Amino acid sequence: MYKFNLCLRYLRTRYLAFVCIVSIMLGVATLIVVNSVMSGFSNKLKDRLLGTSADVTVGTEFFGGLEENPDALAQRILSSKSGQHIEAIAPSVEVVGTIQFSYRGRNIVKPVKVMGVDPAKQVKVGNFREYITGQKENPGLPTFELSAQALQRFEQQRDFHAPPRLPKAEAPSTGGDFLGSGPQPTDPVAPLPAIPLPDLPAVEAPKPIGVIVGHSLAHWQYKDPNTGLPEEIPALEIGDTIMLATLSGDEMRPVWSTYVVADYFKSEMSEYDSQFVYLPLEEIQRLRHMGNRATNMQIKLKPETPKSYQFMKQEVAVPLAKELGHPHSGTYVLTWQDTQGPLLAAIDIERGILNLLLFMIVGVAGFGILAIFTMIVSEKYRDIGILKSLGASNRGVMGIFVWYAIFLGIVGCVTGSLMGLGITHYINEIEKWITDISGQQLFDRSVYYFDKIPTNIEITTVVLVNCGAMFVAVMSSLVPAVRAARLQPIQALRFE
Amino acid sequence: MLTAKNIHKTYKRHAHSVQVLTGVDLDVAEGEFLSIVGASGSGKSTLLHILGTLDLADSGQIALDGRRIDNLGNKDREALRNKTFGYVFQFYHLLPEFSAFDNVLMPGYIANSFLGWMSSRRAWRRRAEELMERVGLTHRKHHKPREMSGGEMQRTAIARALLMQPRVLLADEPTGNLDAKNGDSIISLLHGLNRDDGVTIVMVTHNLEIASQTDRVVKLVQGQVVTETPATFHPRLMTVAG
């Protein structure tokens, strides 16, 4: 009883102890905020990575693509041992290429990654429709079709650049034929009558083929010098023509064709948005002379399949690679972590290091407790002696200080957690406020294209941070507490 | 009832060692008011502390009702300090953060667990109030030690020592820091306790006048009991000590 009584009394009369509370609070709050933001970033990035890349990809070393017919290959994959985990398969062609387009009369050439996909299958293996700017809301399949607006712009541009077409000549009203009856030319210098054009069937202009271009490929970003906010200029508008060049699939030979921008692709992954150009699968197969072959098979696993790297690698990728004759067949199987792993690993490492560094704040709080408690023990030397002469046990005296630290820890942890959760919740408002006040943008939205700072509060992290802070608080109280407990009563009482 | 047999105590500090007690034998009878006198440094306080298990003797035995108490484990020793002995010190030794009333209740707090306290706190409070009344401090109940006079603090300390109804009250110069008037009232309080409640009291003092009013006076010289004077005032004692 006296333990609580005394430590509550000391808590109320020793304002120095509030320094400990504040440092624990700050440590806990910082750790929670940093972890939530890092985890938010990591999650958002993971979502985007997973959204744009399939769970597992079958690829080939050969430029000409997978040797088997995609449908037959899909069947073979499905009937293999790994087939039980697979929900959907989509063939695709992924090759490097360049695009050229003109902006204000001058040519611009950019390297791109050409993705030939079948929209009907592509939507089943990952987010595709969700990233197409103009079709996000459409309930149907994403399409490469040009909208009426795009067509209109396309035609305007074509008419503007093309030489004026001859007006259709009309047959002279007075005319006859050369040899037939009718008035013959009498005046040898008189112009010959116009020759009527043969009445051929009208030739349709070839139907333009639409492509979906990465948002950043088509837009130039810059920072407005006045407002400091990122702005965009559309360099390639919907309906504009691009020339796409890549390499033929059967031999080293450039192939090219012109296409019309039908839509933009915006996954918010700058790497993809600045490189991808989506084409209909048949079109790229035609362009590259590759028949109906594909270079990649994108595989989506069933929702109930564990998505851990270990499982995907051991249960799906490795058996599948074996089935497909890896490595001699030139066919390989990669999980999405294989391709994107380093980026995620970098975030995890960063998070680990930040945690370590920030936990030092809590460590500092621990030393604060150690110092302040040592002081209080010295100051309370006599009181400890009195308590012992009244029958207080060693354990009880130790308990006073340990409970004292526990109280400080709890108060620090609770206030720190509330503060951390509050900051995390209002982080965008706080960021805006600081930006408004300082005039310096804290979070550059153009880097990640995040419109908000993503956060993700993990309960386990919050609990771990709190446990860590409590542990530090209690551990640092132990040394002074044990010293107090070991005091001989008469030694302490003589201490006048 | 409380016996000390051949108590030796030496204080060592670095190379120096001071022999304080060199074979003290003492027997305190039940219900007795015993005073221990002696010059400064004669070891009277040390003897009192050893009797009350606050300090350990180098050799010798302390027994309570014939059972040794000097070699007890921590737990029994703590129980003994809490329940059997009551201590009154020259410098009062009250806890400065607590009111007089809480100070009186402190041994009760120590004796009880949280739940135990919650269920019995009324009885404890009543007892503490009675004691405050007994020592004449009802009006000072909620004052902190620093707001009280020396005499009041000492009376609070006595009330605290009595809370657990100890069998033996060990008083170390209880009047040492008080003026004559306050000292007298403390001594008469102790006499009353001894007489009415049958509390055994062992008091260390260098005030021979006070000592002479007690049942028995023991004089320590150079770490040994040299005289045991029975009962009443003894003129020779005055001359020897004075």
# chains A, B, ... in the order shown; residues from 1 in each chain; ligands from 1
>>> residues_around(residues="region 194-196 of chain B", least_positions_apart="2", cutoff="10 Å", atoms="only C-alpha atoms", output="compact mmCIF listing (two decimals) with C-alpha atoms, in the first residue's frame")
# COMPACT_ATOMS: atom_id res chain seq x y z
CA GLY B 31 6.45 -3.20 31.46
CA GLU B 32 9.65 -1.54 32.55
CA PHE B 33 10.64 2.05 31.79
CA VAL B 168 8.54 -2.18 23.25
CA LEU B 169 9.02 1.51 22.59
CA SER B 188 5.06 12.65 30.95
CA LEU B 189 3.42 11.27 27.82
CA LEU B 190 5.87 8.37 27.86
CA HIS B 191 5.25 7.82 31.54
CA GLY B 192 1.57 7.72 30.92
CA GLY B 198 1.95 -1.23 30.02
CA VAL B 199 4.26 -0.42 27.13
CA THR B 200 7.85 -1.38 27.84
CA ILE B 201 10.05 1.64 27.15
CA THR B 214 12.39 6.17 35.13
>>> closest_atom_pairs(of="chain A", to="chain B", cutoff="10 Å", atoms="only C-alpha atoms", output="Markdown table")
| residue | atom | partner | partner_atom | distance |
| --- | --- | --- | --- | --- |
| A:Met1 | CA | B:Phe114 | CA | 4.4 |
| A:Tyr2 | CA | B:Tyr109 | CA | 5.0 |
| A:Lys3 | CA | B:Ile110 | CA | 8.2 |
| A:Phe4 | CA | B:Phe114 | CA | 8.4 |
| A:Asn5 | CA | B:Tyr109 | CA | 8.2 |
| A:Leu6 | CA | B:Glu97 | CA | 8.7 |
| A:Arg9 | CA | B:Glu97 | CA | 6.9 |
| A:Tyr10 | CA | B:Glu97 | CA | 7.9 |
| A:Arg12 | CA | B:Glu97 | CA | 9.7 |
| A:Thr13 | CA | B:Glu97 | CA | 7.8 |
| A:Lys380 | CA | B:Leu95 | CA | 9.4 |
| A:Arg382 | CA | B:His93 | CA | 7.8 |
| A:Asp383 | CA | B:Leu95 | CA | 6.1 |
| A:Ile384 | CA | B:Leu95 | CA | 9.3 |
| A:Gly385 | CA | B:His93 | CA | 9.0 |
| A:Ile386 | CA | B:His93 | CA | 6.4 |
| A:Leu387 | CA | B:Ile110 | CA | 8.2 |
| A:Lys388 | CA | B:Glu78 | CA | 7.6 |
| A:Ser389 | CA | B:Arg81 | CA | 6.1 |
| A:Leu390 | CA | B:Asn82 | CA | 5.1 |
| A:Gly391 | CA | B:Asn82 | CA | 4.1 |
| A:Ala392 | CA | B:Ile110 | CA | 5.9 |
| A:Ser393 | CA | B:Glu78 | CA | 6.2 |
| A:Asn394 | CA | B:Asn74 | CA | 8.3 |
| A:Gly396 | CA | B:Ile110 | CA | 8.6 |
| A:Gln488 | CA | B:Asp55 | CA | 7.8 |
| A:Pro489 | CA | B:Leu54 | CA | 6.1 |
| A:Ile490 | CA | B:Leu54 | CA | 5.8 |
| A:Gln491 | CA | B:Asp55 | CA | 8.7 |
| A:Leu493 | CA | B:His93 | CA | 8.1 |
| A:Glu496 | CA | B:Phe91 | CA | 9.0 |
>>> select_by_dssp(residues="region 27-205 of chain B", states="alpha helix (DSSP H)", output="number ranges by chain")
B: 44-51, 74-79, 100-111, 114-134, 150-162, 180-192
>>> residues_around(residues="Met153 (chain B)", least_positions_apart="3", cutoff="10 Å", atoms="only C-alpha atoms", output="PyMOL selection string")
chain B and resi 91-94+100+137+140+144-150+156-159
>>> closest_residue(among="B:Asn103, B:Ser17, B:Gln154, B:Thr227", to="His142 (chain B)", atoms="only C-alpha atoms")
B:Asn103
>>> residues_around(residues="Val226 (chain B)", least_positions_apart="3", cutoff="12 Å", atoms="only C-alpha atoms", output="ChimeraX atom specification")
/B:22-26,36-38,42,217-223,229,237,240-241
>>> select_by_dssp(residues="region 61-222 of chain B", states="strand (DSSP E or B)", output="PDB file with N, CA and C atoms, in the first residue's frame")
ATOM      1  N   GLN B  61      24.183 -11.768  21.410  1.00  0.00           N
ATOM      2  CA  GLN B  61      22.840 -12.191  21.051  1.00  0.00           C
ATOM      3  C   GLN B  61      21.789 -11.246  21.609  1.00  0.00           C
ATOM      4  N   ILE B  62      20.724 -11.076  20.859  1.00  0.00           N
ATOM      5  CA  ILE B  62      19.553 -10.341  21.338  1.00  0.00           C
ATOM      6  C   ILE B  62      18.407 -11.340  21.327  1.00  0.00           C
ATOM      7  N   ALA B  63      17.670 -11.371  22.402  1.00  0.00           N
ATOM      8  CA  ALA B  63      16.555 -12.310  22.447  1.00  0.00           C
ATOM      9  C   ALA B  63      15.309 -11.589  22.921  1.00  0.00           C
ATOM     10  N   LEU B  64      14.208 -11.994  22.352  1.00  0.00           N
ATOM     11  CA  LEU B  64      12.915 -11.451  22.767  1.00  0.00           C
ATOM     12  C   LEU B  64      12.109 -12.635  23.263  1.00  0.00           C
ATOM     13  N   ARG B  67      13.662 -15.904  22.609  1.00  0.00           N
ATOM     14  CA  ARG B  67      13.976 -16.340  21.231  1.00  0.00           C
ATOM     15  C   ARG B  67      14.909 -15.326  20.583  1.00  0.00           C
ATOM     16  N   ARG B  68      15.940 -15.839  19.964  1.00  0.00           N
ATOM     17  CA  ARG B  68      16.911 -14.931  19.342  1.00  0.00           C
ATOM     18  C   ARG B  68      16.273 -14.141  18.207  1.00  0.00           C
ATOM     19  N   PHE B  85       8.292  -3.469  17.749  1.00  0.00           N
ATOM     20  CA  PHE B  85       9.017  -2.297  18.239  1.00  0.00           C
ATOM     21  C   PHE B  85       8.412  -1.009  17.700  1.00  0.00           C
ATOM     22  N   GLY B  86       8.435  -0.004  18.561  1.00  0.00           N
ATOM     23  CA  GLY B  86       8.085   1.331  18.083  1.00  0.00           C
ATOM     24  C   GLY B  86       9.294   2.216  18.327  1.00  0.00           C
ATOM     25  N   TYR B  87       9.609   3.069  17.361  1.00  0.00           N
ATOM     26  CA  TYR B  87      10.812   3.896  17.517  1.00  0.00           C
ATOM     27  C   TYR B  87      10.452   5.367  17.604  1.00  0.00           C
ATOM     28  N   VAL B  88      11.173   6.045  18.515  1.00  0.00           N
ATOM     29  CA  VAL B  88      11.050   7.506  18.575  1.00  0.00           C
ATOM     30  C   VAL B  88      12.475   8.049  18.508  1.00  0.00           C
ATOM     31  N   VAL B 168       7.395  -2.944  22.751  1.00  0.00           N
ATOM     32  CA  VAL B 168       8.537  -2.181  23.252  1.00  0.00           C
ATOM     33  C   VAL B 168       8.642  -0.868  22.472  1.00  0.00           C
ATOM     34  N   LEU B 169       8.801   0.217  23.227  1.00  0.00           N
ATOM     35  CA  LEU B 169       9.015   1.511  22.590  1.00  0.00           C
ATOM     36  C   LEU B 169      10.479   1.887  22.806  1.00  0.00           C
ATOM     37  N   LEU B 170      11.194   2.084  21.706  1.00  0.00           N
ATOM     38  CA  LEU B 170      12.605   2.441  21.808  1.00  0.00           C
ATOM     39  C   LEU B 170      12.732   3.914  21.460  1.00  0.00           C
ATOM     40  N   ALA B 171      13.160   4.696  22.471  1.00  0.00           N
ATOM     41  CA  ALA B 171      13.216   6.144  22.256  1.00  0.00           C
ATOM     42  C   ALA B 171      14.667   6.602  22.343  1.00  0.00           C
ATOM     43  N   ASP B 172      15.125   7.244  21.273  1.00  0.00           N
ATOM     44  CA  ASP B 172      16.516   7.682  21.207  1.00  0.00           C
ATOM     45  C   ASP B 172      16.550   9.198  21.408  1.00  0.00           C
ATOM     46  N   THR B 200       6.474  -1.363  27.366  1.00  0.00           N
ATOM     47  CA  THR B 200       7.854  -1.383  27.839  1.00  0.00           C
ATOM     48  C   THR B 200       8.604  -0.289  27.086  1.00  0.00           C
ATOM     49  N   ILE B 201       9.352   0.547  27.824  1.00  0.00           N
ATOM     50  CA  ILE B 201      10.048   1.638  27.152  1.00  0.00           C
ATOM     51  C   ILE B 201      11.534   1.572  27.467  1.00  0.00           C
ATOM     52  N   VAL B 202      12.344   1.641  26.427  1.00  0.00           N
ATOM     53  CA  VAL B 202      13.785   1.791  26.615  1.00  0.00           C
ATOM     54  C   VAL B 202      14.128   3.153  26.025  1.00  0.00           C
ATOM     55  N   MET B 203      14.678   4.036  26.882  1.00  0.00           N
ATOM     56  CA  MET B 203      14.940   5.390  26.425  1.00  0.00           C
ATOM     57  C   MET B 203      16.417   5.715  26.597  1.00  0.00           C
ATOM     58  N   VAL B 204      17.003   6.243  25.539  1.00  0.00           N
ATOM     59  CA  VAL B 204      18.376   6.724  25.626  1.00  0.00           C
ATOM     60  C   VAL B 204      18.298   8.223  25.884  1.00  0.00           C
ATOM     61  N   ARG B 216      14.418   2.398  35.993  1.00  0.00           N
ATOM     62  CA  ARG B 216      15.773   1.887  36.146  1.00  0.00           C
ATOM     63  C   ARG B 216      16.682   2.662  35.208  1.00  0.00           C
ATOM     64  N   VAL B 217      17.886   2.919  35.638  1.00  0.00           N
ATOM     65  CA  VAL B 217      18.836   3.661  34.802  1.00  0.00           C
ATOM     66  C   VAL B 217      20.068   2.792  34.587  1.00  0.00           C
ATOM     67  N   VAL B 218      20.491   2.706  33.318  1.00  0.00           N
ATOM     68  CA  VAL B 218      21.687   1.933  32.992  1.00  0.00           C
ATOM     69  C   VAL B 218      22.709   2.916  32.463  1.00  0.00           C
ATOM     70  N   LYS B 219      23.920   2.800  32.967  1.00  0.00           N
ATOM     71  CA  LYS B 219      24.944   3.734  32.503  1.00  0.00           C
ATOM     72  C   LYS B 219      25.993   2.995  31.690  1.00  0.00           C
ATOM     73  N   LEU B 220      26.289   3.544  30.550  1.00  0.00           N
ATOM     74  CA  LEU B 220      27.303   2.940  29.698  1.00  0.00           C
ATOM     75  C   LEU B 220      28.567   3.771  29.775  1.00  0.00           C
ATOM     76  N   VAL B 221      29.672   3.110  30.041  1.00  0.00           N
ATOM     77  CA  VAL B 221      30.961   3.783  29.993  1.00  0.00           C
ATOM     78  C   VAL B 221      31.892   2.885  29.190  1.00  0.00           C
TER      79      VAL B 221
END
>>> atom_distance(atom1="CA of Asn355 (chain A)", atom2="CA of Thr374 (chain A)")
28.3 Å
